[in-house]
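A.B. asks: Questions regarding the structure given below will be posed in turn.
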Amino acid sequence: MLSVLRTASILTIFAVLGGGLVAFSYQATVQQIKTNEREALLRTLTALVPADRYDNDLFTDVKKIPSKLGVDNSLTIHRARKAGQPIAAILTPTVPDGYNGRINMLIAVDYAGVLIGVRIVSHQETPGLGDAVELRRSKWVLGFNGHSLLNPTESGWKVKRDGGVFDQFTGATITPRAVVKTVHKTLLFYWKYRDEIFALEDIVGH
Ligand SMILES: Cc1cc2nc3c(=O)[nH]c(=O)nc-3n(C[C@H](O)[C@H](O)[C@H](O)COP(=O)(O)O)c2cc1C
């Protein structure tokens, strides 16, 4: 009888220890994934806005503004400043109407409203077709650099097939069409809310 009790106690102790270990390593993994995501985002952000152009922390100098452009109707914007002066904003819109659903983007725009860079963060577009929006697959996304609301004007913010200035991909017009539309909408948003975007209140930590 005693030995049964002892075995049961030992089993219980191991079960508790094992459960604790699993919970601990799960927490550690979740934390590591978050850290990795932050680092990946930071690498992209700093690649979009060269490090010598700002002296603040792009990660914590963040503003969220209600907008349909963002996930859950809230658009997250990272702000670059040097000596307190606004330099650039990195907006994080989502393309709602890619061929296979949503496409998450980073769009860096300088204070004057000129595009510094556009990157696709994640998407589910078809390999060999729509995935050419990804920089790993093609240089298409670099074609936005230097453009603004004045270059081209409104009617040019389309793919060439629709009478605009931006290239599409052979046999895959839907993806680039959707991305061009969202970049244009994001520039319109930036121009309309520029003062609010750089206003100092609401700095949130991540
Ligand atoms: C299996 C499959 C996957 C496709 N994936 C994409 C895609 O990721 N992006 C895209 O724009 N078109 C994709 N297409 C093509 C679209 O259905 C559509 O034909 C095309 O975007 C229209 O472009 P086009 O007018 O240049 O042919 C896919 C088609 C098929 C059959």
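Residue numbering restarts at 1 in every chain; chains get A, B, ... in the order shown in the structure tokens, and ligands count up from 1 in that same order.
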Residues near range 160-166 of chain A, anyone? I mean within 10 Å using only C-alpha atoms, not counting same-chain ones fewer than 4 positions away, as a ChimeraX atom specification.
C.D. replies: /A:140-141,143-144,151-156,173,176-177,180
A.B. asks: Find the spatial neighbours of Phe198 in chain A, counting only C-alpha atoms, within a cut-off of 10 Å - ignore same-chain residues fewer than 2 positions away - and output them as a list in words.
C.D. replies: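 Selected residues are Asp61, Val62, Lys63, Ile77, His78, Arg79, Ala80, Arg81, Gln85, Pro86, Ile87, Ala88, Ala89, Tyr111, Tyr193, Arg194, Asp195, Glu196, Leu200 and Glu201 of chain A.
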A.B. asks: Just want the 6 Å neighbourhood of range 94-102 of chain A, counted on only C-alpha atoms, with same-chain residues fewer than 2 positions away dropped. Output as a tab-separated table (two decimals) with N, CA and C atoms, in the first residue's frame.
C.D. replies:
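What follows is the written file around06.tsv:
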chain	number	residue	atom	x	y	z
A	69	LEU	N	-7.50	51.50	-43.89
A	69	LEU	CA	-6.26	50.98	-44.49
A	69	LEU	C	-5.55	49.99	-43.57
A	70	GLY	N	-5.83	50.09	-42.25
A	70	GLY	CA	-5.12	49.25	-41.30
A	70	GLY	C	-5.92	48.02	-40.90
A	104	ASN	N	-0.03	42.42	-46.45
A	104	ASN	CA	0.43	43.40	-45.47
A	104	ASN	C	1.67	44.12	-45.99
A	105	MET	N	1.66	45.44	-45.84
A	105	MET	CA	2.73	46.24	-46.43
A	105	MET	C	3.38	47.20	-45.44
A	124	GLN	N	-0.37	35.97	-49.47
A	124	GLN	CA	-0.62	34.57	-49.83
A	124	GLN	C	-0.81	34.46	-51.33
A	125	GLU	N	-0.18	35.37	-52.10
A	125	GLU	CA	-0.36	35.34	-53.53
A	125	GLU	C	0.34	34.12	-54.12
A	175	THR	N	-3.02	41.15	-58.61
A	175	THR	CA	-2.18	41.47	-57.45
A	175	THR	C	-1.58	42.88	-57.56
A	178	ALA	N	-4.11	45.70	-57.16
A	178	ALA	CA	-4.55	45.91	-55.76
A	178	ALA	C	-3.48	46.64	-54.95
A	182	THR	N	-3.66	50.45	-53.13
A	182	THR	CA	-3.43	50.69	-51.70
A	182	THR	C	-2.29	51.69	-51.48
A.B. asks: Using only C-alpha atoms and all ligand atoms, pick whichever of A:Leu150, A:Ile197, A:Ile103, A:Leu188 has the shortest atom-to-atom distance to ligand 1.
C.D. replies: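 The answer is A:Ile103, which sits nearest to ligand 1.
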A.B. asks: Using CA of His184 in chain A and atom 12 (N, counted along the ligand's line) of ligand 1 as the two end points, give the distance in Å to one decimal.
C.D. replies: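 Separation between CA of His184 in chain A and atom 12 (N, counted along the ligand's line) of ligand 1: 20.1 Å.
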A.B. asks: Write down as a count of residues only the residues of range 3-142 of chain A whose backbone DSSP state falls under helix (DSSP H, G or I).
C.D. replies: 59
A.B. asks: Can you tell me, as a list in words, what residues are no more than 12 Å from range 37-39 of chain A when counting only C-alpha atoms, ignoring any on the same chain fewer than 4 positions away?
C.D. replies: Val30, Gln31, Gln32, Ile33, Arg43, Thr44, Leu45, Thr46, Leu58, Phe59, Thr60, Val121, Ser122 and His206 of chain A
A.B. asks: Interatomic distance between atom 19 (O, counted along the ligand's line) of ligand 1 and CA of Val118 in chain A?
C.D. replies: 24.5 Å
A.B. asks: Let me make sure I understand: among A:Leu187, A:Ile120, A:Val109, A:Val179, which one has the smallest atom-to-atom distance to ligand 1 if we use only C-alpha atoms and all ligand atoms?
C.D. replies: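 That would be A:Val179, the residue with the smallest distance to ligand 1.
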A.B. asks: Enter the distance from atom 17 (O, counted along the ligand's line) of ligand 1 to CA of Thr170 in chain A, in Å, rounded to one decimal.
C.D. replies: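 Computing it gives 11.2 Å between the two atoms.
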A.B. asks: Excluding same-chain residues fewer than 5 positions from range 48-52 of chain A, what lies within 7 Å of it counting only C-alpha atoms, as an MDAnalysis selection string?
C.D. replies: chainID A and resid 108 116:117
A.B. asks: For the selection just defined, write its residues with N, CA and C atoms to a file, as a PDB file, in the first residue's frame.
C.D. replies:
ATOM      1  N   ALA A 108       7.141  53.583 -46.747  1.00  0.00           N
ATOM      2  CA  ALA A 108       7.896  54.704 -46.169  1.00  0.00           C
ATOM      3  C   ALA A 108       7.775  55.908 -47.082  1.00  0.00           C
ATOM      4  N   ILE A 116       9.763  56.724 -50.204  1.00  0.00           N
ATOM      5  CA  ILE A 116      11.142  56.279 -49.995  1.00  0.00           C
ATOM      6  C   ILE A 116      11.236  54.801 -50.348  1.00  0.00           C
ATOM      7  N   GLY A 117      10.208  54.051 -49.997  1.00  0.00           N
ATOM      8  CA  GLY A 117      10.248  52.629 -50.300  1.00  0.00           C
ATOM      9  C   GLY A 117       8.950  51.937 -49.922  1.00  0.00           C
TER      10      GLY A 117
END
A.B. asks: Have a look at A:Ser67, A:Ser3, A:Ser148, A:Gln168 and name the one nearest to ligand 1; count only C-alpha atoms and all ligand atoms.
C.D. replies: A:Gln168
A.B. asks: Pick from A:Val16, A:Ala132, A:Ile107, A:Ala112: nearest to Leu91 in chain A, with only C-alpha atoms counted?
C.D. replies: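 Among the listed residues, A:Ile107 lies closest to Leu91 in chain A.
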